[in-house]
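Novice: Pasting in a structure now, in structure tokens, and then I'll have a few things to ask.
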Amino acid sequence: MKKHLLMLAIASSCFVAAQAGAMTQDEHKVAKEKIEADYKVDKAKCDTLKDNAKDVCEKEAKGKENVAKAELEQQYKPSDGNSRKVAEEKVKATYDVAKEKCDDMKGDAKNACEKEAKAAEAKGKADIKAMTAKK
């Protein structure tokens, strides 16, 4: 009987330990709502800006939201696919903001800026591909 109770206690403690790292559905929902609320606050801050500065601000806010959502999904359901999605969202957000910043420039400077942004995006995508190829 003692052996049976001991095994039951060990099994239940393992179950609790496994659940401690996992996020519940309610926690996931609350975290997702917080991300959406943070996005609305960040986007509202952009309303005070004008022209391209406003566009850059909005791209930054949207990129931050998308990265946060991808990271949340990785926390909620850890997987190689979700890990890749986080990396992809980071690259996309960085590219979108960089490209938007180029709109303030003209002529050769704008072309160089856009090429630099595109090269950084290509490097980021290549890094992601190399990261997933190793697995």
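Letters for chains follow the order of the structure tokens (A, B, ...), residue numbers begin at 1 for each chain, and ligand numbers begin at 1 in the order shown.
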Any idea what's packed within 6 Å of Cys113 (chain A), counting only C-alpha atoms, ignoring anything in its chain fewer than 3 positions away? Could you give it as a ChimeraX atom specification?
Specialist: /A:102,110,116
Novice: Here is a test: counting only C-alpha atoms, which residue of A:Lys62, A:Lys99, A:Lys92, A:Lys69 is nearest to Lys40 (chain A)?
Specialist: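 Among A:Lys62, A:Lys99, A:Lys92, A:Lys69, it is A:Lys62 that comes nearest to Lys40 (chain A).
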Novice: Just the residues within 7 Å of Gln74 (chain A), please, counting only C-alpha atoms, with nothing from its chain fewer than 5 positions along; format it as number ranges by chain.
Specialist: A: 79, 82-83
Novice: Please determine, counting only C-alpha atoms, which residue among A:Val30, A:Met131, A:Ala119, A:Ala93 has the shortest atom-to-atom distance to Ala61 (chain A).
Specialist: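 That would be A:Ala93, the residue with the smallest distance to Ala61 (chain A).
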Novice: Would you compute the distance between CA of Lys118 (chain A) and CA of Ala68 (chain A)? Give it in Å to one decimal.
Specialist: 23.0 Å
Novice: My list of candidates is A:Glu114, A:Glu65, A:Asp26, A:Asp104. Which is closest to Lys90 (chain A) when distances are computed with only C-alpha atoms?
Specialist: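 Ranking A:Glu114, A:Glu65, A:Asp26, A:Asp104 by distance to Lys90 (chain A), first place goes to A:Glu65.
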Novice: Which of these, A:Val97, A:Val91, A:Val56, A:Ala133, has the shortest distance to Glu121 (chain A) once you count only C-alpha atoms?
Specialist: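 Residue with the minimum atom-to-atom distance to Glu121 (chain A): A:Val91.
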Novice: Counting only C-alpha atoms, which of A:Ala109, A:Val67, A:Leu72, A:Ala120 gets nearest to Glu89 (chain A)?
Specialist: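 Comparing A:Ala109, A:Val67, A:Leu72, A:Ala120 against Glu89 (chain A), the winner is A:Val67.
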